[in-house]
$ cat entry-v2.txt   # compact mmCIF, C-alpha atoms and all ligand atoms
# COMPACT_ATOMS: atom_id res chain seq x y z
CA MET A 1 -0.42 -4.11 -26.23
CA SER A 2 -3.26 -5.85 -24.41
CA GLY A 3 -4.98 -4.76 -21.21
CA THR A 4 -7.69 -2.28 -22.19
CA LEU A 5 -10.38 -2.30 -19.51
CA VAL A 6 -13.78 -0.84 -20.38
CA ALA A 7 -16.90 -0.32 -18.28
CA ARG A 8 -20.16 0.22 -20.13
CA GLY A 9 -23.26 1.51 -18.41
CA LEU A 10 -22.10 0.06 -15.12
CA GLY A 11 -24.68 0.25 -12.34
CA LYS A 12 -24.56 -1.10 -8.82
CA ALA A 13 -27.17 -0.97 -6.08
CA PHE A 14 -27.23 -2.53 -2.63
CA GLY A 15 -30.97 -2.98 -2.09
CA ASP A 16 -32.44 0.52 -2.39
CA LEU A 17 -29.05 2.20 -2.17
CA VAL A 18 -27.89 3.09 -5.68
CA VAL A 19 -24.10 3.49 -5.59
CA LEU A 20 -23.04 3.45 -9.26
CA ASP A 21 -25.23 4.85 -12.00
CA GLY A 22 -24.35 4.21 -15.65
CA ILE A 23 -20.56 4.44 -15.39
CA ASP A 24 -18.76 4.49 -18.75
CA LEU A 25 -14.98 4.51 -18.63
CA GLU A 26 -11.97 3.18 -20.46
CA ALA A 27 -8.53 2.46 -19.03
CA GLN A 28 -6.29 2.28 -22.10
CA ALA A 29 -3.59 -0.37 -22.36
CA GLY A 30 -0.46 0.59 -20.47
CA GLN A 31 -1.90 3.88 -19.21
CA VAL A 32 -2.94 5.16 -15.81
CA LEU A 33 -6.57 6.23 -15.47
CA ALA A 34 -7.00 8.25 -12.29
CA VAL A 35 -10.57 8.03 -11.00
CA LEU A 36 -11.26 10.95 -8.73
CA GLY A 37 -14.36 11.25 -6.60
CA PRO A 38 -15.58 12.53 -3.24
CA SER A 39 -15.48 10.36 -0.14
CA GLY A 40 -18.24 7.78 -0.04
CA CYS A 41 -19.29 8.26 -3.69
CA GLY A 42 -18.71 4.62 -4.61
CA LYS A 43 -15.04 4.42 -5.67
CA SER A 44 -14.22 1.20 -3.80
CA THR A 45 -17.47 -0.31 -5.04
CA LEU A 46 -16.50 0.58 -8.61
CA LEU A 47 -13.11 -1.11 -8.20
CA ARG A 48 -14.67 -4.19 -6.62
CA VAL A 49 -17.07 -4.49 -9.56
CA LEU A 50 -14.21 -4.02 -12.06
CA ALA A 51 -12.17 -6.64 -10.16
CA GLY A 52 -15.13 -9.03 -10.31
CA PHE A 53 -15.61 -9.28 -6.54
CA GLU A 54 -19.14 -7.85 -6.88
CA PRO A 55 -21.48 -8.42 -9.82
CA PRO A 56 -22.84 -5.23 -11.40
CA THR A 57 -26.58 -4.59 -11.18
CA SER A 58 -26.47 -3.41 -14.81
CA GLY A 59 -23.93 -2.89 -17.57
CA GLU A 60 -20.75 -4.79 -18.30
CA VAL A 61 -16.98 -4.88 -17.87
CA LEU A 62 -14.77 -5.80 -20.84
CA LEU A 63 -11.08 -6.67 -20.87
CA ASP A 64 -9.69 -6.41 -24.41
CA GLY A 65 -13.25 -6.65 -25.72
CA ARG A 66 -14.13 -9.80 -23.77
CA PRO A 67 -16.74 -9.64 -21.00
CA VAL A 68 -15.34 -10.39 -17.57
CA SER A 69 -17.19 -11.96 -14.70
CA GLY A 70 -15.69 -13.03 -11.40
CA PRO A 71 -12.26 -12.30 -9.94
CA SER A 72 -9.09 -13.16 -11.82
CA PRO A 73 -5.36 -12.59 -11.31
CA GLN A 74 -5.62 -10.78 -14.66
CA ARG A 75 -7.14 -7.83 -12.79
CA GLY A 76 -4.96 -7.46 -9.72
CA MET A 77 -6.58 -5.35 -7.04
CA VAL A 78 -4.81 -3.65 -4.15
CA ALA A 79 -7.57 -2.98 -1.61
CA GLN A 80 -7.79 0.20 0.47
CA ALA A 81 -6.28 -1.65 3.46
CA GLY A 82 -3.70 -3.60 1.42
CA GLY A 83 -3.79 -7.36 1.03
CA LEU A 84 -0.76 -8.86 2.74
CA PHE A 85 -1.25 -12.02 4.78
CA PRO A 86 -0.16 -10.88 8.27
CA TRP A 87 1.23 -14.28 9.26
CA LEU A 88 3.46 -14.77 6.21
CA PRO A 89 6.95 -13.31 5.72
CA LEU A 90 7.23 -10.90 2.82
CA ARG A 91 8.84 -13.38 0.41
CA GLU A 92 6.00 -15.85 0.96
CA ASN A 93 3.40 -13.10 0.60
CA LEU A 94 4.83 -12.21 -2.81
CA SER A 95 5.31 -15.84 -3.86
CA PHE A 96 1.79 -16.92 -2.97
CA GLY A 97 -0.02 -15.83 -6.17
CA PRO A 98 2.51 -17.02 -8.77
CA ALA A 99 3.08 -20.30 -6.87
CA ALA A 100 -0.69 -20.92 -6.64
CA SER A 101 -1.00 -20.43 -10.40
CA GLY A 102 1.53 -23.22 -10.88
CA ARG A 103 4.64 -21.34 -11.95
CA PRO A 104 7.91 -23.24 -11.34
CA ALA A 105 9.66 -22.48 -8.03
CA ALA A 106 12.79 -21.07 -9.70
CA GLU A 107 10.70 -18.68 -11.78
CA VAL A 108 8.69 -17.57 -8.73
CA ARG A 109 11.93 -16.86 -6.85
CA GLU A 110 13.21 -14.78 -9.77
CA VAL A 111 10.00 -12.73 -10.06
CA VAL A 112 9.89 -12.15 -6.30
CA ASP A 113 13.59 -11.17 -6.06
CA GLU A 114 13.06 -8.68 -8.87
CA LEU A 115 10.02 -7.16 -7.16
CA LEU A 116 11.72 -7.01 -3.75
CA SER A 117 14.49 -5.05 -5.40
CA ALA A 118 12.12 -2.78 -7.38
CA THR A 119 10.27 -1.95 -4.16
CA GLY A 120 13.44 -1.36 -2.14
CA LEU A 121 12.52 -4.23 0.18
CA ASP A 122 15.47 -6.55 -0.57
CA GLY A 123 16.49 -6.62 3.07
CA PHE A 124 12.99 -7.48 4.31
CA ALA A 125 12.25 -10.76 2.55
CA ASP A 126 11.96 -12.55 5.89
CA ALA A 127 10.09 -9.80 7.73
CA LEU A 128 6.41 -10.07 8.67
CA PRO A 129 4.08 -7.28 7.45
CA LYS A 130 3.81 -5.86 10.99
CA GLN A 131 7.59 -5.34 11.00
CA LEU A 132 7.36 -2.98 8.00
CA SER A 133 6.61 0.76 7.97
CA GLY A 134 3.32 1.96 6.41
CA GLY A 135 5.02 3.00 3.16
CA MET A 136 6.87 -0.32 2.95
CA ARG A 137 3.61 -2.21 3.50
CA GLN A 138 1.92 -0.29 0.69
CA ARG A 139 4.80 -0.99 -1.68
CA ALA A 140 4.71 -4.64 -0.67
CA SER A 141 0.93 -4.83 -1.28
CA ILE A 142 1.44 -3.50 -4.81
CA ALA A 143 4.37 -5.89 -5.37
CA GLN A 144 2.22 -8.79 -4.15
CA VAL A 145 -0.32 -8.07 -6.89
CA LEU A 146 2.31 -7.34 -9.58
CA ALA A 147 3.90 -10.75 -8.86
CA ASN A 148 0.97 -12.23 -10.82
CA ARG A 149 1.98 -10.07 -13.82
CA PRO A 150 -1.59 -8.81 -14.26
CA PRO A 151 -2.34 -6.83 -17.42
CA VAL A 152 -4.57 -4.61 -15.25
CA LEU A 153 -3.77 -3.13 -11.85
CA LEU A 154 -6.62 -1.74 -9.71
CA LEU A 155 -5.42 0.54 -6.91
CA ASP A 156 -7.82 1.74 -4.22
CA GLU A 157 -6.32 4.85 -2.56
CA PRO A 158 -3.07 2.93 -2.07
CA PHE A 159 -1.27 5.80 -0.34
CA GLY A 160 -4.19 7.34 1.55
CA ALA A 161 -2.95 6.46 5.01
CA LEU A 162 0.57 7.88 4.60
CA ASP A 163 2.02 11.26 5.61
CA ALA A 164 2.43 13.82 2.81
CA GLN A 165 6.19 13.36 2.31
CA THR A 166 6.10 9.56 2.29
CA ARG A 167 3.18 9.77 -0.05
CA LEU A 168 5.09 11.93 -2.53
CA ARG A 169 7.99 9.47 -2.42
CA MET A 170 5.51 6.64 -3.09
CA HIS A 171 4.10 8.58 -6.05
CA GLU A 172 7.53 8.93 -7.61
CA TRP A 173 8.27 5.27 -6.88
CA LEU A 174 5.02 4.17 -8.59
CA LEU A 175 5.73 6.37 -11.63
CA GLU A 176 9.16 4.71 -11.99
CA LEU A 177 7.77 1.23 -11.42
CA LEU A 178 5.07 1.66 -14.07
CA ALA A 179 7.55 3.23 -16.51
CA GLU A 180 9.65 0.05 -16.20
CA ARG A 181 6.69 -2.30 -16.59
CA PRO A 182 3.79 -0.57 -18.35
CA THR A 183 0.57 -1.90 -16.82
CA THR A 184 -2.96 -0.63 -17.37
CA THR A 185 -3.71 1.00 -14.04
CA LEU A 186 -6.92 2.27 -12.59
CA LEU A 187 -6.09 4.43 -9.61
CA VAL A 188 -8.96 5.46 -7.39
CA THR A 189 -8.37 8.48 -5.19
CA HIS A 190 -10.01 11.50 -3.59
CA ASP A 191 -6.73 13.45 -3.82
CA VAL A 192 -6.56 15.83 -6.79
CA GLU A 193 -2.76 16.18 -6.63
CA GLU A 194 -2.30 12.41 -6.63
CA ALA A 195 -4.66 12.04 -9.59
CA LEU A 196 -2.84 14.68 -11.66
CA LEU A 197 0.63 13.48 -10.70
CA LEU A 198 0.01 9.82 -11.52
CA GLY A 199 -2.76 9.83 -14.12
CA ASP A 200 -2.42 9.88 -17.89
CA ARG A 201 -6.15 10.56 -17.97
CA LEU A 202 -8.55 11.76 -15.34
CA CYS A 203 -12.08 10.50 -14.79
CA LEU A 204 -14.14 12.61 -12.43
CA LEU A 205 -17.02 11.03 -10.49
CA SER A 206 -20.01 12.76 -8.91
CA ASN A 207 -21.31 12.26 -5.39
CA ARG A 208 -23.28 9.05 -4.78
CA PRO A 209 -24.76 7.64 -6.90
CA ALA A 210 -21.50 7.98 -8.80
CA THR A 211 -21.73 9.01 -12.43
CA VAL A 212 -18.87 10.11 -14.69
CA VAL A 213 -18.93 13.91 -14.72
CA ASP A 214 -15.91 14.40 -16.97
CA THR A 215 -12.98 12.58 -18.54
CA GLN A 216 -9.92 14.50 -19.67
CA PRO A 217 -6.28 13.93 -20.52
CA VAL A 218 -3.65 14.96 -17.97
CA PRO A 219 -1.15 16.93 -20.05
CA PHE A 220 2.02 16.73 -17.95
CA GLY A 221 3.78 13.97 -19.86
CA THR A 222 5.50 10.80 -18.82
CA GLY A 223 8.63 10.81 -16.71
CA ARG A 224 7.22 13.49 -14.44
CA GLY A 225 8.25 13.80 -10.84
CA ARG A 226 7.72 16.18 -7.97
CA ALA A 227 9.10 19.10 -10.05
CA VAL A 228 5.75 19.24 -11.86
CA LEU A 229 4.06 20.32 -8.60
CA ALA A 230 5.55 23.79 -9.06
CA ASP A 231 4.58 24.03 -12.75
CA PRO A 232 2.04 26.89 -13.03
CA ALA A 233 -0.05 24.81 -15.48
CA PHE A 234 -0.19 22.00 -12.89
CA VAL A 235 -1.15 24.39 -10.08
CA GLN A 236 -3.87 25.88 -12.24
CA MET A 237 -5.29 22.52 -13.30
CA LYS A 238 -5.22 21.31 -9.69
CA ALA A 239 -7.28 24.31 -8.56
CA ALA A 240 -9.75 23.92 -11.45
CA VAL A 241 -10.24 20.19 -10.85
CA LEU A 242 -10.64 20.76 -7.10
CA GLU A 243 -13.45 23.22 -7.83
CA ARG A 244 -15.15 20.61 -10.00
CA VAL A 245 -14.82 17.93 -7.31
CA LEU A 246 -16.33 20.26 -4.72
CA ALA A 247 -19.19 21.05 -7.11
CA ALA A 248 -19.71 17.44 -8.21
N1 LIG B 1 -21.45 -4.45 0.53
C1 LIG B 1 -22.18 -3.33 0.74
N2 LIG B 1 -23.45 -3.39 1.17
C2 LIG B 1 -24.17 -2.27 1.36
N3 LIG B 1 -23.72 -1.03 1.12
C3 LIG B 1 -22.47 -0.90 0.70
C4 LIG B 1 -21.62 -2.04 0.48
N4 LIG B 1 -20.41 -1.59 0.04
C5 LIG B 1 -20.50 -0.25 0.00
N5 LIG B 1 -21.73 0.17 0.38
C6 LIG B 1 -22.19 1.56 0.42
O1 LIG B 1 -21.88 2.15 -0.82
C7 LIG B 1 -21.51 3.51 -0.65
C8 LIG B 1 -20.18 3.75 -1.33
O2 LIG B 1 -19.16 3.05 -0.61
P1 LIG B 1 -17.67 2.96 -1.18
O3 LIG B 1 -16.87 2.27 -0.17
O4 LIG B 1 -17.72 2.41 -2.55
O5 LIG B 1 -17.29 4.51 -1.26
P2 LIG B 1 -15.86 5.17 -1.49
O6 LIG B 1 -16.04 6.24 -2.52
O7 LIG B 1 -14.84 4.16 -1.74
O8 LIG B 1 -15.61 5.85 -0.05
P3 LIG B 1 -14.21 6.31 0.62
O9 LIG B 1 -13.79 7.55 -0.11
O10 LIG B 1 -14.60 6.58 2.02
O11 LIG B 1 -13.24 5.17 0.48
C9 LIG B 1 -21.51 3.78 0.86
O12 LIG B 1 -22.71 4.44 1.16
C10 LIG B 1 -21.47 2.39 1.46
O13 LIG B 1 -22.17 2.38 2.68
MG MG B 2 -13.11 3.64 -0.77
$ encode --input "entry-v2.txt" --output "structure tokens"
Amino acid sequence: MSGTLVARGLGKAFGDLVVLDGIDLEAQAGQVLAVLGPSGCGKSTLLRVLAGFEPPTSGEVLLDGRPVSGPSPQRGMVAQAGGLFPWLPLRENLSFGPAASGRPAAEVREVVDELLSATGLDGFADALPKQLSGGMRQRASIAQVLANRPPVLLLDEPFGALDAQTRLRMHEWLLELLAERPTTTLLVTHDVEEALLLGDRLCLLSNRPATVVDTQPVPFGTGRGRAVLADPAFVQMKAAVLERVLAA
């Protein structure tokens, strides 16, 4: 399976402000790498560099061994604020990417219908983004990127603005969605529970300038759902990782 994304010695500075310092990480094909770091440490910057929106100051990004430079639908990024065009109905938002890349109209319609159904938004194809709830908008933003069938999905705190219950529902929805269509996913978050619930592996970042403090497997298996939250091993790991984040 293709879609292994690797960062080697990635550094990023804005003038004198060093934000990323020698980041090494690997998001393995079809797996979820949860990147956990304190607020302001450089998580969004890291995703923007991996997406190709910002050039690194040093180091390189490789997709399946090939250096990447510049944005590409191959690395679909869902920004912290989502990416829906506010003036376009949902169907057109989802169709935009595949249509722009020249896929036939019938195929675009099929892909979009499938995603509307997978996101539970079948009844909202003609709605504008402002007519959707926050959770629906987040699902639609992810669907919009998945419509391009990217081998790599970059998620920047996609559920950060939602209430705790909606968030948990979104987590279970994302787990199901990715189980159905395995996609290398790099999920950036400052929420330990989210990282352990969704991640196959965990990459812990320090305060700014962000460096990788630790990378470890998340041992709770695929097909997990909210039941794992009560698993003593999960509770224990959550507390241990939280301590490390606070100390980072
Ligand atoms: N284009 C830019 N020019 C200058 N400084 C920037 C730029 N983008 C980000 N920064 C700075 O880089 C640092 C890291 O910002 P970034 O948004 O990557 O952090 P973050 O970890 O995503 O934060 P949060 O948890 O709040 O989302 C901040 O100090 C920010 O001011
Ligand atoms: Mg951010």
$ atom_distance --input "entry-v2.txt" --atom1 "atom CA of A:Ala161" --atom2 "atom CA of A:Thr189"
11.7 Å
$ residues_near_ligand --input "entry-v2.txt" --ligand "ligand MG 2 (chain B)" --cutoff "10 Å" --atoms "all atoms listed in the file" --output "PyMOL selection string"
chain A and resi 37-48+79-81+156-157+160+188-190
$ closest_residue --input "entry-v2.txt" --among "A:Glu176, A:Asp24, A:Asp191, A:Glu107" --to "ligand LIG 1 (chain B)" --atoms "only C-alpha atoms and all ligand atoms"
A:Asp191
$ closest_residue --input "entry-v2.txt" --among "A:Leu84, A:Leu116, A:Ala210, A:Leu62" --to "ligand LIG 1 (chain B)" --atoms "all atoms listed in the file"
A:Ala210
$ atom_distance --input "entry-v2.txt" --atom1 "atom CA of A:Pro89" --atom2 "atom O3 of ligand LIG 1 (chain B)"
29.1 Å
$ residues_near_point --input "entry-v2.txt" --point "(0.5, 2.0, -14.8)" --cutoff "9 Å" --atoms "all atoms listed in the file" --output "PyMOL selection string"
chain A and resi 29-33+152-153+174-175+177-179+181-187+198-200
$ build_atoms --input "entry-v2.txt" --residues "stretch 21-42 of chain A" --atoms "N, CA and C atoms" --output "tab-separated table (two decimals), keeping the file's coordinate frame"
chain	number	residue	atom	x	y	z
A	21	ASP	N	-24.13	4.60	-11.09
A	21	ASP	CA	-25.23	4.85	-12.00
A	21	ASP	C	-24.72	5.09	-13.42
A	22	GLY	N	-24.72	4.05	-14.23
A	22	GLY	CA	-24.35	4.21	-15.65
A	22	GLY	C	-22.93	4.69	-15.88
A	23	ILE	N	-21.97	4.03	-15.24
A	23	ILE	CA	-20.56	4.44	-15.39
A	23	ILE	C	-20.00	3.91	-16.71
A	24	ASP	N	-19.49	4.85	-17.53
A	24	ASP	CA	-18.76	4.49	-18.75
A	24	ASP	C	-17.33	4.96	-18.55
A	25	LEU	N	-16.38	4.06	-18.67
A	25	LEU	CA	-14.98	4.51	-18.63
A	25	LEU	C	-14.10	3.53	-19.38
A	26	GLU	N	-12.92	4.02	-19.74
A	26	GLU	CA	-11.97	3.18	-20.46
A	26	GLU	C	-10.56	3.44	-19.93
A	27	ALA	N	-9.93	2.38	-19.43
A	27	ALA	CA	-8.53	2.46	-19.03
A	27	ALA	C	-7.74	1.87	-20.18
A	28	GLN	N	-6.99	2.73	-20.89
A	28	GLN	CA	-6.29	2.28	-22.10
A	28	GLN	C	-5.04	1.48	-21.74
A	29	ALA	N	-4.71	0.55	-22.62
A	29	ALA	CA	-3.59	-0.37	-22.36
A	29	ALA	C	-2.33	0.40	-22.00
A	30	GLY	N	-1.74	0.02	-20.89
A	30	GLY	CA	-0.46	0.59	-20.47
A	30	GLY	C	-0.54	1.98	-19.88
A	31	GLN	N	-1.76	2.52	-19.74
A	31	GLN	CA	-1.90	3.88	-19.21
A	31	GLN	C	-2.48	3.88	-17.80
A	32	VAL	N	-2.35	5.02	-17.13
A	32	VAL	CA	-2.94	5.16	-15.81
A	32	VAL	C	-4.19	6.03	-15.93
A	33	LEU	N	-5.33	5.45	-15.55
A	33	LEU	CA	-6.57	6.23	-15.47
A	33	LEU	C	-6.79	6.55	-13.99
A	34	ALA	N	-6.76	7.84	-13.68
A	34	ALA	CA	-7.00	8.25	-12.29
A	34	ALA	C	-8.49	8.54	-12.14
A	35	VAL	N	-9.14	7.83	-11.23
A	35	VAL	CA	-10.57	8.03	-11.00
A	35	VAL	C	-10.71	8.80	-9.70
A	36	LEU	N	-11.22	10.03	-9.85
A	36	LEU	CA	-11.26	10.95	-8.73
A	36	LEU	C	-12.71	11.16	-8.32
A	37	GLY	N	-12.98	11.02	-7.04
A	37	GLY	CA	-14.36	11.25	-6.60
A	37	GLY	C	-14.40	11.53	-5.12
A	38	PRO	N	-15.47	12.20	-4.67
A	38	PRO	CA	-15.58	12.53	-3.24
A	38	PRO	C	-15.71	11.30	-2.37
A	39	SER	N	-15.42	11.47	-1.08
A	39	SER	CA	-15.48	10.36	-0.14
A	39	SER	C	-16.89	9.77	-0.12
A	40	GLY	N	-16.95	8.46	-0.15
A	40	GLY	CA	-18.24	7.78	-0.04
A	40	GLY	C	-19.05	7.73	-1.32
A	41	CYS	N	-18.48	8.19	-2.46
A	41	CYS	CA	-19.29	8.26	-3.69
A	41	CYS	C	-19.45	6.90	-4.35
A	42	GLY	N	-18.58	5.95	-4.00
A	42	GLY	CA	-18.71	4.62	-4.61
A	42	GLY	C	-17.44	4.15	-5.31
